[in-house]
Amino acid sequence: MSVPILEVCDLTAAYGRIEVLRGVDLTVPRGAVVALLGPNGAGKSTLVQCISGQKEPTGGDIHLAGVNVRRAAPEDLARVGLCTVPEGRSVFPNLTVEENLQLMSYAGVPAAAVFETAYTYFPRLAERRKQLAGTMSGGEQQMLAMSRALASDPALLLLDELSMGLAPLIVEELYDTVARIAETGVSILCIEQFARTALRVSDYAAVMVGGRVVATGEPDEVLESMSDVILGGAA
Amino acid sequence: MSAHADRPHRSPAGRHRLPAAPRSGRPGPTVAGERLAAHRRTTGRLLAGSIALALTGATLALAAPGQAAPDEKPKGGAGFAGYSASASASPVKVEIYEPTIPLPASPQAELSIGYTSVLADSSSTAARSSYLWPGGPVGEGFKTIADQLGLPPQIGQTGYPIQVNAIFPGGPATDADEPAPGAVQRATASEKTTRADTGFSADGDVGGDDAPAEGEGGGGPLPGLPGLPGLPGLPGLSGLPGLSALPGLAGLAGGSSGASAPEAAAPAAAPALPEPLSTLVDLGGASSTSRSDLVDATGKDPKKVTSRARSILGNASLLGGLLRVEGVRTVADTSSDGAEATATGSATYGELTAFGQTFAFGPDGFTATSAPPVKLPGLPDNGAALLARLGVTVSVPEPVREVEGAAATSTSPGLVVEIDVTALRKQLGPVLGVLDTVVGTLPDQLGQLKSLVQAVSLLSPRIVLQLGAATATVQTSQGVPPPTTEPPADDPAPADDDKGGAAAGAGAGTGAGAPPASSPVSDPVAAAPASGSPTTEAVQPLSSEPVPGLPPLFSIPGLLLYGGLLGAAVAGFFTRRLGLMALGGVGSCAHGLDSGLPDLRKVRP
């Protein structure tokens, strides 16, 4: 068996004296889509911040391709192919779509390649290339945020709450794109409150409650074993 | 163009080219021809020698254009590269010593009436003139004090209000103000002349056409400031003996209002000091001038710096008229031309009247010149003894004239009147009563300030009045001589130009006309940029330290150097790993995996 691209071992993290992660164990195999599910406050976003280097864990280890990267800086992790689409999109609202994408060229990616990738996955962005990002719908802003992430040619993509505040149809469309991205060999960890849509495109799933991963397995197994209450009930 | 194109042609192996032998078969030169040829050669050699001599002379002359001929050098002046000068004067200065006042200063409070000061040096000049100057701690920190006293912020926003300042080169170059009719304060600052004037006349009389000469105060309004009157006349000086012998002072005396004196300055609108202060000190007229000048060399007079402080007190009434002083004039002058400095000054006093008894200043100090008009029962007849009984002493400090090389300090103190308030409290009863009345009228909103003033009225401080004070200082300094380029005797580096030795490196780039590397500069003043001569001597190498070359590779210093560089390169290459080591992140984790950052894109399926 090959070494997983991401392996989290007994990870703990806290905000001051409040312990949020209490020994998280999680594995993302190469080229797989893993859905990390759980209710609000379970520690999912904190786990993403620890993996991407934005928050220093208090214990445990994080391995990327079998190498311990626990104290690595976020920019270094981004350089080696770990990319995060943060919760809330974080696009620049006063810049146009094209300008938002053009910012990626400062990271060394040619602007033409950035545009090509974005417009290939999300043709709607091409129609709105001159529109201010802040005036677009939430779904289109999420497309823009994903386009920026894809421009860095990621090997491991962390998607934090992709469906937050979006209409179900848009969420379906976005997860279709996630599936297309996964077909290119990109490993994806989806953090999601609403399970059913995410599980549809996932290879594996894990359920996180109270700072711990309480269930892992195939999507169907996870879906059957967990109650709707824990999964949010709205998906 | 080849890099070798400018090199002089040399014959192979450096040997001189031999003259070609006459070809065989051709007739040789005749005797007449030989003589003619010899004559031409002699003439040519003489002509070439003359031209070479002329060119050498012209080159030497051009090489040192900044060196003046000995006859042209100003007599007695060695010149200077930098200077600093200061002057300050004040006709009246009140110092209050009260240790119970919680202020970290001594005296705890001070107030100068008619304060002027200038501060000048080679790079900047500043002048300050203040009709009422509360001393440095309060004047400079007025904003902070106003804030801490809880006063409205607009009061301390612009600093102490009764002052004008001029600064060069930052500006303003000139400032003037007339805070009250008859009270003038002016300040000007420029590269060469810095001056501060202030004057005050209690009867509102301001000098007009009879203004004294330049440098003696008074004078008309500043250029560009029409309507601002000159310094006030000093009426109390009219009775000063020998006044006419003092140049310029006569113009201040009498305060005669000329035809151009503004009619509005009538006695009815006369300014006056605030009531409590005027009870302690009341002035009939006062003025002071502080100035500093950078004087260029003219003819045989060398370039020099002068500073002058002068204070004139027309008349002053102390302690509600118990003590009267008339005609106190103090002058302090200093100058320096770079080689020597001078410090002069003078202090003249008029009459002193204590309780109606007149005193004159003589070799033995103040002596009574008249009998007391009224004999007070229970008190001494002599006015001086009477003053001592009341805790009032009058002294005349010694002037200070110090000259040390090119630096000079001149201080001309006036009269010093010390008042022990403990012994004088009974006499000051009305004054304290007035102060209590004034404090009582202050609004309660002032809070801390009101309680502070009330506390002051209960103190028994020692009050020192300095009537007339002038201080001037000047100092010039020579330029720092440029370092010589001569290599030290124990320098192992060869001085051969072809080998790029230390001396060659240091001497290179000075250009034509630069002094040879082995000749130290003998005249630092002439070589200093401040001398104003744009000679090539000013283009000196920044450092005379020989530039050491790299040590040989196979030597201990060389091995240490190159080994250190190699170690630094290796350390830099593994900086990230070393950083992780410092943070405890290196090595295997609890799961036995190495730390680092793998390229995830290379492990895609």
# chains A, B, ... in the order shown; residues from 1 in each chain; ligands from 1
call {"tool": "interface_residues", "arguments": {"of": "chain A", "to": "chain B", "cutoff": "6 Å", "atoms": "only C-alpha atoms", "output": "ChimeraX atom specification"}}
result
/A:67-69,80-81,155
call {"tool": "closest_residue", "arguments": {"among": "A:Leu103, A:Ile191, A:Ala151, A:Leu21", "to": "A:Pro86", "atoms": "only C-alpha atoms"}}
result
A:Ile191
call {"tool": "atom_distance", "arguments": {"atom1": "atom CA of A:Leu132", "atom2": "atom CA of A:Glu87"}}
result
19.9 Å
call {"tool": "residues_around", "arguments": {"residues": "stretch 205-216 of chain A", "least_positions_apart": "5", "cutoff": "8 Å", "atoms": "only C-alpha atoms", "output": "PDB file with all heavy atoms, in the first residue's frame"}}
result
ATOM      1  N   VAL A  20      -9.838  22.102  21.314  1.00  0.00           N
ATOM      2  CA  VAL A  20     -10.762  21.932  20.195  1.00  0.00           C
ATOM      3  C   VAL A  20     -10.542  20.577  19.522  1.00  0.00           C
ATOM      4  O   VAL A  20     -11.493  19.855  19.230  1.00  0.00           O
ATOM      5  CB  VAL A  20     -10.598  23.081  19.183  1.00  0.00           C
ATOM      6  CG1 VAL A  20     -11.528  22.888  17.998  1.00  0.00           C
ATOM      7  CG2 VAL A  20     -10.872  24.415  19.868  1.00  0.00           C
ATOM      8  N   LEU A  21      -9.303  20.265  19.255  1.00  0.00           N
ATOM      9  CA  LEU A  21      -8.996  18.955  18.667  1.00  0.00           C
ATOM     10  C   LEU A  21      -8.433  18.069  19.771  1.00  0.00           C
ATOM     11  O   LEU A  21      -7.488  18.452  20.468  1.00  0.00           O
ATOM     12  CB  LEU A  21      -7.976  19.101  17.532  1.00  0.00           C
ATOM     13  CG  LEU A  21      -8.386  20.000  16.365  1.00  0.00           C
ATOM     14  CD1 LEU A  21      -7.304  19.990  15.277  1.00  0.00           C
ATOM     15  CD2 LEU A  21      -9.727  19.565  15.777  1.00  0.00           C
ATOM     16  N   ARG A  22      -8.992  16.906  19.911  1.00  0.00           N
ATOM     17  CA  ARG A  22      -8.627  16.036  21.035  1.00  0.00           C
ATOM     18  C   ARG A  22      -8.104  14.694  20.541  1.00  0.00           C
ATOM     19  O   ARG A  22      -8.667  13.641  20.831  1.00  0.00           O
ATOM     20  CB  ARG A  22      -9.829  15.828  21.945  1.00  0.00           C
ATOM     21  CG  ARG A  22     -10.398  17.124  22.472  1.00  0.00           C
ATOM     22  CD  ARG A  22     -11.673  16.899  23.245  1.00  0.00           C
ATOM     23  NE  ARG A  22     -12.225  18.166  23.718  1.00  0.00           N
ATOM     24  CZ  ARG A  22     -13.365  18.289  24.377  1.00  0.00           C
ATOM     25  NH1 ARG A  22     -14.091  17.206  24.624  1.00  0.00           N
ATOM     26  NH2 ARG A  22     -13.798  19.436  24.770  1.00  0.00           N
ATOM     27  N   GLY A  23      -7.110  14.730  19.713  1.00  0.00           N
ATOM     28  CA  GLY A  23      -6.534  13.496  19.201  1.00  0.00           C
ATOM     29  C   GLY A  23      -7.192  13.026  17.931  1.00  0.00           C
ATOM     30  O   GLY A  23      -7.841  11.973  17.890  1.00  0.00           O
ATOM     31  N   VAL A  24      -7.025  13.824  16.877  1.00  0.00           N
ATOM     32  CA  VAL A  24      -7.659  13.510  15.601  1.00  0.00           C
ATOM     33  C   VAL A  24      -6.746  12.584  14.805  1.00  0.00           C
ATOM     34  O   VAL A  24      -5.548  12.838  14.663  1.00  0.00           O
ATOM     35  CB  VAL A  24      -7.947  14.798  14.805  1.00  0.00           C
ATOM     36  CG1 VAL A  24      -8.479  14.460  13.414  1.00  0.00           C
ATOM     37  CG2 VAL A  24      -8.917  15.682  15.563  1.00  0.00           C
ATOM     38  N   ASP A  25      -7.316  11.514  14.290  1.00  0.00           N
ATOM     39  CA  ASP A  25      -6.609  10.619  13.370  1.00  0.00           C
ATOM     40  C   ASP A  25      -7.388  10.585  12.067  1.00  0.00           C
ATOM     41  O   ASP A  25      -8.600  10.300  12.063  1.00  0.00           O
ATOM     42  CB  ASP A  25      -6.517   9.208  13.956  1.00  0.00           C
ATOM     43  CG  ASP A  25      -5.623   9.173  15.189  1.00  0.00           C
ATOM     44  OD1 ASP A  25      -4.418   9.435  15.048  1.00  0.00           O
ATOM     45  OD2 ASP A  25      -6.149   8.926  16.302  1.00  0.00           O
ATOM     46  N   LEU A  26      -6.674  10.897  10.999  1.00  0.00           N
ATOM     47  CA  LEU A  26      -7.358  10.987   9.702  1.00  0.00           C
ATOM     48  C   LEU A  26      -6.352  10.670   8.603  1.00  0.00           C
ATOM     49  O   LEU A  26      -5.188  11.055   8.685  1.00  0.00           O
ATOM     50  CB  LEU A  26      -7.935  12.389   9.500  1.00  0.00           C
ATOM     51  CG  LEU A  26      -8.712  12.627   8.198  1.00  0.00           C
ATOM     52  CD1 LEU A  26     -10.032  11.855   8.223  1.00  0.00           C
ATOM     53  CD2 LEU A  26      -9.001  14.114   8.007  1.00  0.00           C
ATOM     54  N   VAL A  34     -11.939  12.701   0.194  1.00  0.00           N
ATOM     55  CA  VAL A  34     -12.388  12.330   1.533  1.00  0.00           C
ATOM     56  C   VAL A  34     -13.291  13.437   2.042  1.00  0.00           C
ATOM     57  O   VAL A  34     -12.922  14.613   2.000  1.00  0.00           O
ATOM     58  CB  VAL A  34     -11.193  12.134   2.481  1.00  0.00           C
ATOM     59  CG1 VAL A  34     -11.669  11.852   3.904  1.00  0.00           C
ATOM     60  CG2 VAL A  34     -10.312  10.998   1.987  1.00  0.00           C
ATOM     61  N   ALA A  35     -14.446  13.064   2.515  1.00  0.00           N
ATOM     62  CA  ALA A  35     -15.380  14.027   3.093  1.00  0.00           C
ATOM     63  C   ALA A  35     -15.275  13.949   4.602  1.00  0.00           C
ATOM     64  O   ALA A  35     -15.426  12.876   5.185  1.00  0.00           O
ATOM     65  CB  ALA A  35     -16.797  13.729   2.638  1.00  0.00           C
ATOM     66  N   LEU A  36     -14.987  15.091   5.193  1.00  0.00           N
ATOM     67  CA  LEU A  36     -14.935  15.162   6.645  1.00  0.00           C
ATOM     68  C   LEU A  36     -16.206  15.852   7.094  1.00  0.00           C
ATOM     69  O   LEU A  36     -16.396  17.053   6.856  1.00  0.00           O
ATOM     70  CB  LEU A  36     -13.700  15.926   7.108  1.00  0.00           C
ATOM     71  CG  LEU A  36     -13.543  16.079   8.618  1.00  0.00           C
ATOM     72  CD1 LEU A  36     -13.402  14.722   9.292  1.00  0.00           C
ATOM     73  CD2 LEU A  36     -12.331  16.940   8.946  1.00  0.00           C
ATOM     74  N   LEU A  37     -17.068  15.113   7.718  1.00  0.00           N
ATOM     75  CA  LEU A  37     -18.386  15.613   8.076  1.00  0.00           C
ATOM     76  C   LEU A  37     -18.459  15.870   9.571  1.00  0.00           C
ATOM     77  O   LEU A  37     -17.653  15.365  10.346  1.00  0.00           O
ATOM     78  CB  LEU A  37     -19.453  14.603   7.670  1.00  0.00           C
ATOM     79  CG  LEU A  37     -19.329  14.049   6.240  1.00  0.00           C
ATOM     80  CD1 LEU A  37     -20.374  12.949   6.019  1.00  0.00           C
ATOM     81  CD2 LEU A  37     -19.522  15.164   5.228  1.00  0.00           C
ATOM     82  N   GLY A  38     -19.449  16.637   9.938  1.00  0.00           N
ATOM     83  CA  GLY A  38     -19.642  16.873  11.359  1.00  0.00           C
ATOM     84  C   GLY A  38     -20.442  18.128  11.596  1.00  0.00           C
ATOM     85  O   GLY A  38     -20.505  19.009  10.738  1.00  0.00           O
ATOM     86  N   PRO A  39     -21.027  18.203  12.772  1.00  0.00           N
ATOM     87  CA  PRO A  39     -21.840  19.375  13.077  1.00  0.00           C
ATOM     88  C   PRO A  39     -20.987  20.605  13.319  1.00  0.00           C
ATOM     89  O   PRO A  39     -19.760  20.537  13.426  1.00  0.00           O
ATOM     90  CB  PRO A  39     -22.574  18.954  14.355  1.00  0.00           C
ATOM     91  CG  PRO A  39     -21.661  17.969  14.992  1.00  0.00           C
ATOM     92  CD  PRO A  39     -20.977  17.251  13.875  1.00  0.00           C
ATOM     93  N   GLY A  41     -19.003  23.327  15.130  1.00  0.00           N
ATOM     94  CA  GLY A  41     -18.251  23.302  16.374  1.00  0.00           C
ATOM     95  C   GLY A  41     -17.517  22.013  16.635  1.00  0.00           C
ATOM     96  O   GLY A  41     -16.935  21.835  17.705  1.00  0.00           O
ATOM     97  N   ALA A  42     -17.504  21.139  15.653  1.00  0.00           N
ATOM     98  CA  ALA A  42     -16.822  19.858  15.860  1.00  0.00           C
ATOM     99  C   ALA A  42     -15.312  19.986  15.770  1.00  0.00           C
ATOM    100  O   ALA A  42     -14.579  19.097  16.209  1.00  0.00           O
ATOM    101  CB  ALA A  42     -17.315  18.832  14.847  1.00  0.00           C
ATOM    102  N   GLY A  43     -14.825  21.084  15.181  1.00  0.00           N
ATOM    103  CA  GLY A  43     -13.369  21.270  15.041  1.00  0.00           C
ATOM    104  C   GLY A  43     -12.875  21.034  13.636  1.00  0.00           C
ATOM    105  O   GLY A  43     -11.656  20.926  13.420  1.00  0.00           O
ATOM    106  N   LYS A  44     -13.778  21.002  12.662  1.00  0.00           N
ATOM    107  CA  LYS A  44     -13.372  20.693  11.288  1.00  0.00           C
ATOM    108  C   LYS A  44     -12.479  21.797  10.717  1.00  0.00           C
ATOM    109  O   LYS A  44     -11.413  21.533  10.135  1.00  0.00           O
ATOM    110  CB  LYS A  44     -14.619  20.529  10.398  1.00  0.00           C
ATOM    111  CG  LYS A  44     -15.609  19.484  10.895  1.00  0.00           C
ATOM    112  CD  LYS A  44     -16.740  19.272   9.943  1.00  0.00           C
ATOM    113  CE  LYS A  44     -17.597  20.508   9.744  1.00  0.00           C
ATOM    114  NZ  LYS A  44     -18.286  20.940  10.989  1.00  0.00           N
ATOM    115  N   LEU A 199     -20.933  13.345   0.170  1.00  0.00           N
ATOM    116  CA  LEU A 199     -20.699  11.906   0.105  1.00  0.00           C
ATOM    117  C   LEU A 199     -20.896  11.370  -1.309  1.00  0.00           C
ATOM    118  O   LEU A 199     -20.331  10.335  -1.671  1.00  0.00           O
ATOM    119  CB  LEU A 199     -21.637  11.182   1.081  1.00  0.00           C
ATOM    120  CG  LEU A 199     -21.338  11.425   2.570  1.00  0.00           C
ATOM    121  CD1 LEU A 199     -22.383  10.734   3.438  1.00  0.00           C
ATOM    122  CD2 LEU A 199     -19.950  10.905   2.909  1.00  0.00           C
ATOM    123  N   VAL A 222     -20.698   5.141   6.261  1.00  0.00           N
ATOM    124  CA  VAL A 222     -20.776   6.301   7.174  1.00  0.00           C
ATOM    125  C   VAL A 222     -22.189   6.837   7.207  1.00  0.00           C
ATOM    126  O   VAL A 222     -22.729   7.160   8.271  1.00  0.00           O
ATOM    127  CB  VAL A 222     -19.775   7.376   6.739  1.00  0.00           C
ATOM    128  CG1 VAL A 222     -19.988   8.659   7.515  1.00  0.00           C
ATOM    129  CG2 VAL A 222     -18.351   6.881   6.905  1.00  0.00           C
ATOM    130  N   ILE A 230     -26.561  14.038  13.816  1.00  0.00           N
ATOM    131  CA  ILE A 230     -25.134  14.338  13.828  1.00  0.00           C
ATOM    132  C   ILE A 230     -24.707  14.946  12.504  1.00  0.00           C
ATOM    133  O   ILE A 230     -23.880  15.846  12.442  1.00  0.00           O
ATOM    134  CB  ILE A 230     -24.343  13.051  14.141  1.00  0.00           C
ATOM    135  CG1 ILE A 230     -24.628  12.625  15.588  1.00  0.00           C
ATOM    136  CG2 ILE A 230     -22.859  13.270  13.949  1.00  0.00           C
ATOM    137  CD1 ILE A 230     -23.972  11.345  15.984  1.00  0.00           C
TER     138      ILE A 230
END
